[in-house]
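*Asks:* So that we are looking at the same thing, I have put the structure below in structure tokens.
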Amino acid sequence: MYHFMKKSTQELHPIEIDYFLSQIDPLCEGLTFEIVDDIFCGTAIVENENVVCIHLVGSGFLPQMKARRNSKFKDSSVYNPTHNLNQANNLIEKFKCGTIYDENEGLWFSQDRQVFGETYIITALKSCVLKNLGTEVEIPENIHHLLQKFAPK
């Protein structure tokens with residue numbers, strides 16, 4: 001039985017944003033999320049074998065280097081829209097998530113002003129999550145615990 005916890009879309013950390021984007025991105029359809037060798041991954045069963053398809057590494061250089069050196073990740077892709085402009089722009093365009101910069105506030109806001117952030121990318125990606133999953137997201141507790149290993153404290 002899965003237990004879920006709720007979290008405001010506005011309060012999501014970048015690695016959590018990446019996780020929720022993976023839930024709505026057709027490129028990640030059907031993946032199971034788990035930790036493989038201390039790296040958060042999306043895996044799939046291919047020919048009766050659990051294969052790493054994507055890995056979410058956040059912004060850290062060390063996790064990226066660790067993944068590159070590990071043969072389990074040789075055929076996987078880094079899924080990191082919060083730090084990869086090409087991935088971010090594809091999602092922003094697909095879900096039509098525009099932003100507005102408010103000079104008085106010094107922040108970026110989604111067009112509906114429901115989410116905000118210090119950068120255009122983070123705000124637009126929060127807006128993608130908001131449009132598809134709502135102002136509050138439900139995250140399985142086991143995934144939440146895995147993500148906390150990678151989210152900033």
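Ligands are numbered from 1 in the order shown, chains are lettered A, B, ... in the order of the structure tokens, and residues start at 1 in each chain.
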Identify, on the basis of only C-alpha atoms, every residue whose closest approach to range 17-33 of chain A does not exceed 10 Å; exclude the query and any residue fewer than 5 positions from it along the same chain; express the result as an MDAnalysis selection string.

*Replies:* chainID A and resid 9:12 40:45 50:58 79:83 88 90:91 94:95 122 125:126 128:130 132:133 137:139 142:144 146:147

*Asks:* May I have the residues from that selection written out with C-alpha atoms, as a PDB file, in the first residue's frame?

*Replies:*
```
ATOM      1  CA  THR A   9       3.832  23.112  -6.237  1.00  0.00           C
ATOM      2  CA  GLN A  10       5.331  26.470  -5.300  1.00  0.00           C
ATOM      3  CA  GLU A  11       7.545  24.843  -2.633  1.00  0.00           C
ATOM      4  CA  LEU A  12       9.100  22.156  -4.846  1.00  0.00           C
ATOM      5  CA  PHE A  40      18.045   8.583  -8.366  1.00  0.00           C
ATOM      6  CA  CYS A  41      16.920   6.834 -11.562  1.00  0.00           C
ATOM      7  CA  GLY A  42      13.995   5.996 -13.763  1.00  0.00           C
ATOM      8  CA  THR A  43      14.173   2.337 -14.731  1.00  0.00           C
ATOM      9  CA  ALA A  44      12.247   0.014 -17.003  1.00  0.00           C
ATOM     10  CA  ILE A  45      12.130  -3.738 -17.521  1.00  0.00           C
ATOM     11  CA  ASN A  50      15.885  -3.828 -14.929  1.00  0.00           C
ATOM     12  CA  VAL A  51      17.558  -1.173 -17.112  1.00  0.00           C
ATOM     13  CA  VAL A  52      18.375   2.407 -16.112  1.00  0.00           C
ATOM     14  CA  CYS A  53      16.755   4.648 -18.730  1.00  0.00           C
ATOM     15  CA  ILE A  54      17.196   8.054 -17.147  1.00  0.00           C
ATOM     16  CA  HIS A  55      18.968   9.399 -14.116  1.00  0.00           C
ATOM     17  CA  LEU A  56      18.082  12.529 -12.202  1.00  0.00           C
ATOM     18  CA  VAL A  57      21.253  13.996 -10.830  1.00  0.00           C
ATOM     19  CA  GLY A  58      20.246  17.495  -9.811  1.00  0.00           C
ATOM     20  CA  TYR A  79      16.897  13.901 -17.116  1.00  0.00           C
ATOM     21  CA  ASN A  80      17.420  17.303 -15.582  1.00  0.00           C
ATOM     22  CA  PRO A  81      15.085  19.967 -17.043  1.00  0.00           C
ATOM     23  CA  THR A  82      15.721  22.353 -14.126  1.00  0.00           C
ATOM     24  CA  HIS A  83      19.366  22.538 -15.205  1.00  0.00           C
ATOM     25  CA  ALA A  88      13.298  22.747 -20.152  1.00  0.00           C
ATOM     26  CA  ASN A  90      10.857  21.463 -24.874  1.00  0.00           C
ATOM     27  CA  LEU A  91       8.558  21.084 -21.868  1.00  0.00           C
ATOM     28  CA  LYS A  94       4.853  21.611 -25.115  1.00  0.00           C
ATOM     29  CA  PHE A  95       2.780  22.772 -22.130  1.00  0.00           C
ATOM     30  CA  ILE A 122      12.345  27.238 -12.479  1.00  0.00           C
ATOM     31  CA  LEU A 125       8.778  24.467 -15.043  1.00  0.00           C
ATOM     32  CA  LYS A 126       6.764  24.922 -11.823  1.00  0.00           C
ATOM     33  CA  CYS A 128       4.199  23.105 -16.206  1.00  0.00           C
ATOM     34  CA  VAL A 129       3.741  21.007 -13.057  1.00  0.00           C
ATOM     35  CA  LEU A 130       0.914  23.294 -11.889  1.00  0.00           C
ATOM     36  CA  ASN A 132      -0.779  19.318 -15.293  1.00  0.00           C
ATOM     37  CA  LEU A 133      -0.914  18.288 -11.632  1.00  0.00           C
ATOM     38  CA  VAL A 137       1.030  17.576  -5.711  1.00  0.00           C
ATOM     39  CA  GLU A 138       0.861  14.153  -4.124  1.00  0.00           C
ATOM     40  CA  ILE A 139       4.130  12.344  -3.794  1.00  0.00           C
ATOM     41  CA  ASN A 142       8.935   6.277  -0.580  1.00  0.00           C
ATOM     42  CA  ILE A 143       9.748   8.612  -3.502  1.00  0.00           C
ATOM     43  CA  HIS A 144       9.736  11.608  -1.164  1.00  0.00           C
ATOM     44  CA  LEU A 146      14.487   9.105  -2.005  1.00  0.00           C
ATOM     45  CA  LEU A 147      14.278  12.675  -3.310  1.00  0.00           C
TER      46      LEU A 147
END
```

*Asks:* Write out as a count of residues only all residues of range 44-151 of chain A that DSSP puts in helix (DSSP H, G or I) for this structure's backbone.

*Replies:* 45

*Asks:* Quick one: pull the distance between CA of Asp37 in chain A and CA of Glu141 in chain A, Å, one decimal.

*Replies:*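 The value is 20.2 Å.
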
*Asks:* May I ask for the distance between CA of Glu118 in chain A and CA of Gly98 in chain A, given in Å to one decimal place?

*Replies:*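 If I compute the distance from CA of Glu118 in chain A to CA of Gly98 in chain A, I get 14.6 Å.
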
*Asks:* Which distance in Å separates CA of Glu16 in chain A and CA of Arg68 in chain A, to one decimal?

*Replies:*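 Interatomic distance, CA of Glu16 in chain A to CA of Arg68 in chain A: 22.0 Å.
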